[in-house]
Amino acid sequence: MPDFLAVISGKDEFLVEEDALKFYREAVKKAGSDADTQIISAQITRVEDALQIEREFSEAVATLSMFGGKKVVWLRNLNWMSGARHSNSDEVEESLTHMLELVAKSNDKVSIIISASPLDGRRKDLQVLKPVANEFIVHTFAAPKPWESQGEQTLMQMAKVTEKFKKLGIKFESDVPEVLVGRVGESTRMVLMEVEKLAIYVGPGGTVKARDVLFIVPPFGEGEFFEPIEAFAARDLKWALESLERYFFNESSCRPLIAALQNRIRLLIQIRSLADSGDVKITPAGITKAQFEVAVGRHGATFGSATKSSANVFSQNPWYLTTQVAPAAFHYTLSELIDLQLGCTECFDISNSGGDDEVALRALFLRALAVRR
């Protein structure tokens, strides 16, 4: 067995690289000044590359220093389990199997660090090393939207955002890390780059607001169209119209935005109904988690399945629902929300019939936000 073995893998290459570099430096320090070190780039773009890397790695772990010192080998950026076509070839899988078998049988004077990214979550090749690894870490994506999960990766990225803002001397509203990770959480590297961009935007000593994130930071991957929806939720007409102008600068169809808005309104209708029935009390800050949990116990069984859906308010993440969605229900009556849902259907009809999407959506927002009843 190797003297030290660290296996770090995942979809987020920044976090994988960060951990691997830390373990590599620790292993080099522990091995002493007379140790041999070798970093092998394990990225492949074609099947033929795998055999060459296998040979290089096999030679590296088998060849010890002629003076009897220790050796540290880092197999870096192993992308053989990415889900790409070449990673599924028999030749690549065979070379990978040979290397993993060699790792487990390596000399106890050798320390090995393996960093593998991107990683297709369906691939379990590296699991064979888990029983013998000193460190075995799998990084997954943070939730693409902040309300879908408060998992370890999401919390880790939020902590990095907080640390980075403080290091830059920038103040920020409490929900900024959550919103930022929701925008670009699939890439930690991009998250930190956007922190620096926001710091430049507000200037030294400035304060970053959630609205700044929605305005400045583009969604990464399958992001939702946050800004117009958040402007609607805040019942801020000026912001809503400006956000629509920005939306239609890049988009021609209102349908993706309307679909996202309808999902939000479905939840608000249910929250407003709970408030009107006396089950919860809505404030500008939302509703308390304790009230929501009582409502779940009282009405949750009525909905049957717990499958996440905007048609089932009790299937949502409690933090997201009580603090991020519920405040908007404070600004609207039940009849207003129902009219809005019907108005969204009208926008779809206008879009499908070849009408002007932007005019239709601006009219909807004007009717909804300009007049209270």
# chains A, B, ... in the order shown; residues from 1 in each chain; ligands from 1
call {"tool": "select_by_dssp", "arguments": {"residues": "segment 222-282 of chain A", "states": "helix (DSSP H, G or I)", "output": "PyMOL selection string"}}
result
chain A and resi 226-233+237-250+255-276
call {"tool": "write_last_selection", "arguments": {"atoms": "N, CA and C atoms", "output": "compact mmCIF listing (two decimals), in the first residue's frame"}}
result
# COMPACT_ATOMS: atom_id res chain seq x y z
N PHE A 226 -34.05 35.28 -12.82
CA PHE A 226 -34.32 35.76 -11.49
C PHE A 226 -34.82 37.20 -11.45
N GLU A 227 -34.17 38.10 -12.13
CA GLU A 227 -34.38 39.52 -11.84
C GLU A 227 -35.82 39.98 -12.03
N PRO A 228 -36.47 39.76 -13.19
CA PRO A 228 -37.85 40.22 -13.31
C PRO A 228 -38.79 39.59 -12.27
N ILE A 229 -38.52 38.34 -11.92
CA ILE A 229 -39.37 37.66 -10.94
C ILE A 229 -39.16 38.25 -9.54
N GLU A 230 -37.91 38.56 -9.20
CA GLU A 230 -37.66 39.17 -7.90
C GLU A 230 -38.22 40.59 -7.83
N ALA A 231 -38.18 41.30 -8.94
CA ALA A 231 -38.77 42.64 -8.99
C ALA A 231 -40.28 42.55 -8.81
N PHE A 232 -40.88 41.56 -9.46
CA PHE A 232 -42.31 41.32 -9.27
C PHE A 232 -42.61 40.99 -7.82
N ALA A 233 -41.79 40.12 -7.22
CA ALA A 233 -42.02 39.71 -5.84
C ALA A 233 -41.93 40.89 -4.88
N LEU A 237 -42.32 48.49 -9.29
CA LEU A 237 -42.65 48.70 -10.70
C LEU A 237 -41.44 49.18 -11.51
N LYS A 238 -40.71 50.17 -10.99
CA LYS A 238 -39.57 50.73 -11.71
C LYS A 238 -38.54 49.64 -11.98
N TRP A 239 -38.18 48.89 -10.95
CA TRP A 239 -37.21 47.81 -11.10
C TRP A 239 -37.72 46.75 -12.08
N ALA A 240 -39.01 46.43 -11.99
CA ALA A 240 -39.58 45.39 -12.85
C ALA A 240 -39.48 45.77 -14.33
N LEU A 241 -39.84 47.01 -14.65
CA LEU A 241 -39.79 47.44 -16.04
C LEU A 241 -38.36 47.50 -16.56
N GLU A 242 -37.44 47.95 -15.71
CA GLU A 242 -36.03 47.98 -16.12
C GLU A 242 -35.50 46.57 -16.34
N SER A 243 -35.89 45.65 -15.48
CA SER A 243 -35.41 44.27 -15.61
C SER A 243 -35.98 43.61 -16.86
N LEU A 244 -37.22 43.95 -17.21
CA LEU A 244 -37.79 43.42 -18.45
C LEU A 244 -37.03 43.93 -19.67
N GLU A 245 -36.64 45.19 -19.60
CA GLU A 245 -35.87 45.76 -20.71
C GLU A 245 -34.54 45.02 -20.87
N ARG A 246 -33.89 44.69 -19.74
CA ARG A 246 -32.64 43.93 -19.82
C ARG A 246 -32.89 42.52 -20.32
N TYR A 247 -34.00 41.92 -19.88
CA TYR A 247 -34.31 40.56 -20.31
C TYR A 247 -34.50 40.50 -21.82
N PHE A 248 -35.30 41.41 -22.37
CA PHE A 248 -35.60 41.37 -23.80
C PHE A 248 -34.45 41.91 -24.65
N PHE A 249 -33.42 42.45 -24.01
CA PHE A 249 -32.23 42.82 -24.77
C PHE A 249 -31.53 41.58 -25.30
N ASN A 250 -31.64 40.48 -24.53
CA ASN A 250 -30.98 39.23 -24.90
C ASN A 250 -31.95 38.15 -25.39
N ARG A 255 -41.83 33.32 -23.18
CA ARG A 255 -42.33 32.06 -22.64
C ARG A 255 -41.47 31.46 -21.52
N PRO A 256 -40.13 31.45 -21.63
CA PRO A 256 -39.36 30.92 -20.49
C PRO A 256 -39.58 31.72 -19.21
N LEU A 257 -39.66 33.04 -19.34
CA LEU A 257 -39.87 33.89 -18.17
C LEU A 257 -41.27 33.67 -17.59
N ILE A 258 -42.27 33.56 -18.45
CA ILE A 258 -43.63 33.34 -17.97
C ILE A 258 -43.74 32.00 -17.25
N ALA A 259 -43.08 30.98 -17.77
CA ALA A 259 -43.12 29.66 -17.12
C ALA A 259 -42.54 29.74 -15.71
N ALA A 260 -41.41 30.45 -15.57
CA ALA A 260 -40.80 30.60 -14.24
C ALA A 260 -41.69 31.43 -13.33
N LEU A 261 -42.31 32.48 -13.88
CA LEU A 261 -43.20 33.34 -13.09
C LEU A 261 -44.42 32.56 -12.62
N GLN A 262 -44.97 31.73 -13.48
CA GLN A 262 -46.13 30.94 -13.09
C GLN A 262 -45.80 29.99 -11.94
N ASN A 263 -44.61 29.40 -11.98
CA ASN A 263 -44.20 28.52 -10.88
C ASN A 263 -44.17 29.29 -9.56
N ARG A 264 -43.65 30.52 -9.61
CA ARG A 264 -43.59 31.34 -8.38
C ARG A 264 -45.00 31.70 -7.91
N ILE A 265 -45.87 32.07 -8.85
CA ILE A 265 -47.23 32.48 -8.48
C ILE A 265 -48.00 31.31 -7.87
N ARG A 266 -47.78 30.11 -8.39
CA ARG A 266 -48.46 28.94 -7.82
C ARG A 266 -48.17 28.81 -6.33
N LEU A 267 -46.90 29.00 -5.98
CA LEU A 267 -46.52 28.92 -4.56
C LEU A 267 -47.13 30.06 -3.77
N LEU A 268 -47.13 31.26 -4.34
CA LEU A 268 -47.67 32.42 -3.63
C LEU A 268 -49.17 32.28 -3.38
N ILE A 269 -49.89 31.71 -4.33
CA ILE A 269 -51.32 31.48 -4.14
C ILE A 269 -51.56 30.57 -2.94
N GLN A 270 -50.75 29.53 -2.83
CA GLN A 270 -50.91 28.60 -1.72
C GLN A 270 -50.54 29.26 -0.39
N ILE A 271 -49.45 30.04 -0.39
CA ILE A 271 -49.04 30.73 0.84
C ILE A 271 -50.10 31.75 1.26
N ARG A 272 -50.62 32.50 0.29
CA ARG A 272 -51.65 33.50 0.60
C ARG A 272 -52.90 32.83 1.15
N SER A 273 -53.24 31.66 0.61
CA SER A 273 -54.41 30.92 1.10
C SER A 273 -54.19 30.47 2.55
N LEU A 274 -52.98 30.01 2.86
CA LEU A 274 -52.68 29.62 4.24
C LEU A 274 -52.79 30.81 5.18
N ALA A 275 -52.34 31.97 4.70
CA ALA A 275 -52.41 33.18 5.53
C ALA A 275 -53.85 33.62 5.73
N ASP A 276 -54.64 33.60 4.65
CA ASP A 276 -56.04 34.04 4.75
C ASP A 276 -56.87 33.11 5.62
call {"tool": "select_by_dssp", "arguments": {"residues": "segment 34-93 of chain A", "states": "strand (DSSP E)", "output": "number ranges by chain"}}
result
A: 36-41, 71-78
call {"tool": "closest_residue", "arguments": {"among": "A:Val72, A:Val359, A:Ala295, A:Met99", "to": "Ser111 of chain A", "atoms": "only C-alpha atoms"}}
result
A:Val72
call {"tool": "residues_around", "arguments": {"residues": "segment 283-294 of chain A", "least_positions_apart": "4", "cutoff": "10 Å", "atoms": "only C-alpha atoms", "output": "count of residues only"}}
result
23
call {"tool": "residues_around", "arguments": {"residues": "Trp74 of chain A", "least_positions_apart": "2", "cutoff": "8 Å", "atoms": "only C-alpha atoms", "output": "ChimeraX atom specification"}}
result
/A:24,38-40,72,76,112-115
call {"tool": "write_last_selection", "arguments": {"atoms": "C-alpha atoms", "output": "JSON list (two decimals), in the first residue's frame"}}
result
[["chain", "number", "residue", "atom", "x", "y", "z"],
["A", 24, "TYR", "CA", 0.11, 17.25, -2.50],
["A", 38, "GLN", "CA", 6.30, 14.13, -10.02],
["A", 39, "ILE", "CA", 3.10, 15.67, -11.38],
["A", 40, "ILE", "CA", 1.50, 13.81, -14.27],
["A", 72, "VAL", "CA", 5.22, 11.82, -4.18],
["A", 76, "ARG", "CA", -3.64, 15.45, -11.96],
["A", 112, "ILE", "CA", -0.13, 9.26, -4.41],
["A", 113, "ILE", "CA", -2.64, 12.03, -5.01],
["A", 114, "ILE", "CA", -5.33, 11.56, -7.65],
["A", 115, "SER", "CA", -7.54, 14.45, -8.76]]
call {"tool": "atom_distance", "arguments": {"atom1": "atom CA of Asp339 of chain A", "atom2": "atom CA of Phe365 of chain A"}}
result
11.6 Å
call {"tool": "atom_distance", "arguments": {"atom1": "atom CA of Ala368 of chain A", "atom2": "atom CA of Glu251 of chain A"}}
result
22.1 Å
call {"tool": "closest_residue", "arguments": {"among": "A:Gly343, A:Gly354, A:Pro131, A:Gly169", "to": "Gly206 of chain A", "atoms": "only C-alpha atoms"}}
result
A:Gly169
call {"tool": "residues_around", "arguments": {"residues": "Leu119 of chain A", "least_positions_apart": "5", "cutoff": "9 Å", "atoms": "only C-alpha atoms", "output": "PyMOL selection string"}}
result
chain A and resi 9-12+79-83+140
call {"tool": "write_last_selection", "arguments": {"atoms": "C-alpha atoms", "output": "short mmCIF file (atom, residue, chain, number, x, y, z; two decimals), in the first residue's frame"}}
result
data_model
loop_
_atom_site.label_atom_id
_atom_site.label_comp_id
_atom_site.auth_asym_id
_atom_site.auth_seq_id
_atom_site.Cartn_x
_atom_site.Cartn_y
_atom_site.Cartn_z
CA SER A 9 -13.01 13.83 -7.58
CA GLY A 10 -16.08 15.74 -8.65
CA LYS A 11 -17.71 18.00 -11.19
CA ASP A 12 -16.35 21.23 -9.78
CA ASN A 79 -10.81 13.24 -16.96
CA TRP A 80 -11.30 9.60 -17.85
CA MET A 81 -14.72 9.39 -16.12
CA SER A 82 -16.26 12.53 -17.56
CA GLY A 83 -18.99 10.88 -19.60
CA THR A 140 -20.77 17.44 -6.33
#
call {"tool": "closest_residue", "arguments": {"among": "A:Ser89, A:Phe14, A:Gly278, A:Ser353", "to": "Ser187 of chain A", "atoms": "only C-alpha atoms"}}
result
A:Phe14
call {"tool": "decode", "arguments": {"residues": "segment 351-369 of chain A", "atoms": "N, CA and C atoms", "output": "short mmCIF file (atom, residue, chain, number, x, y, z; two decimals), in the first residue's frame"}}
result
data_model
loop_
_atom_site.label_atom_id
_atom_site.label_comp_id
_atom_site.auth_asym_id
_atom_site.auth_seq_id
_atom_site.Cartn_x
_atom_site.Cartn_y
_atom_site.Cartn_z
N SER A 351 -48.09 35.31 -27.34
CA SER A 351 -46.83 34.85 -27.91
C SER A 351 -47.06 33.80 -28.98
N ASN A 352 -47.95 32.85 -28.69
CA ASN A 352 -48.22 31.77 -29.64
C ASN A 352 -48.91 32.26 -30.90
N SER A 353 -49.61 33.39 -30.81
CA SER A 353 -50.33 33.92 -31.97
C SER A 353 -49.51 34.92 -32.76
N GLY A 354 -48.22 35.07 -32.40
CA GLY A 354 -47.34 35.97 -33.13
C GLY A 354 -47.36 37.41 -32.66
N GLY A 355 -47.94 37.67 -31.49
CA GLY A 355 -47.98 39.02 -30.95
C GLY A 355 -46.63 39.46 -30.41
N ASP A 356 -46.58 40.69 -29.91
CA ASP A 356 -45.34 41.25 -29.36
C ASP A 356 -45.17 40.79 -27.92
N ASP A 357 -44.20 39.90 -27.68
CA ASP A 357 -43.98 39.33 -26.35
C ASP A 357 -43.66 40.40 -25.31
N GLU A 358 -42.78 41.33 -25.68
CA GLU A 358 -42.35 42.34 -24.72
C GLU A 358 -43.51 43.25 -24.32
N VAL A 359 -44.31 43.67 -25.29
CA VAL A 359 -45.46 44.53 -24.98
C VAL A 359 -46.44 43.80 -24.07
N ALA A 360 -46.68 42.53 -24.34
CA ALA A 360 -47.62 41.75 -23.54
C ALA A 360 -47.15 41.61 -22.09
N LEU A 361 -45.85 41.34 -21.92
CA LEU A 361 -45.33 41.15 -20.58
C LEU A 361 -45.25 42.46 -19.81
N ARG A 362 -44.89 43.54 -20.48
CA ARG A 362 -44.87 44.84 -19.82
C ARG A 362 -46.28 45.24 -19.37
N ALA A 363 -47.27 44.94 -20.20
CA ALA A 363 -48.64 45.25 -19.83
C ALA A 363 -49.07 44.45 -18.60
N LEU A 364 -48.66 43.18 -18.56
CA LEU A 364 -48.98 42.34 -17.40
C LEU A 364 -48.37 42.92 -16.12
N PHE A 365 -47.10 43.31 -16.19
CA PHE A 365 -46.44 43.86 -15.02
C PHE A 365 -47.06 45.19 -14.61
N LEU A 366 -47.42 46.00 -15.57
CA LEU A 366 -48.05 47.29 -15.24
C LEU A 366 -49.38 47.07 -14.53
N ARG A 367 -50.20 46.16 -15.04
CA ARG A 367 -51.48 45.89 -14.39
C ARG A 367 -51.30 45.34 -12.98
N ALA A 368 -50.29 44.50 -12.82
CA ALA A 368 -50.08 43.83 -11.54
C ALA A 368 -49.46 44.76 -10.49
N LEU A 369 -48.54 45.60 -10.90
CA LEU A 369 -47.74 46.35 -9.94
C LEU A 369 -48.19 47.80 -9.74
#
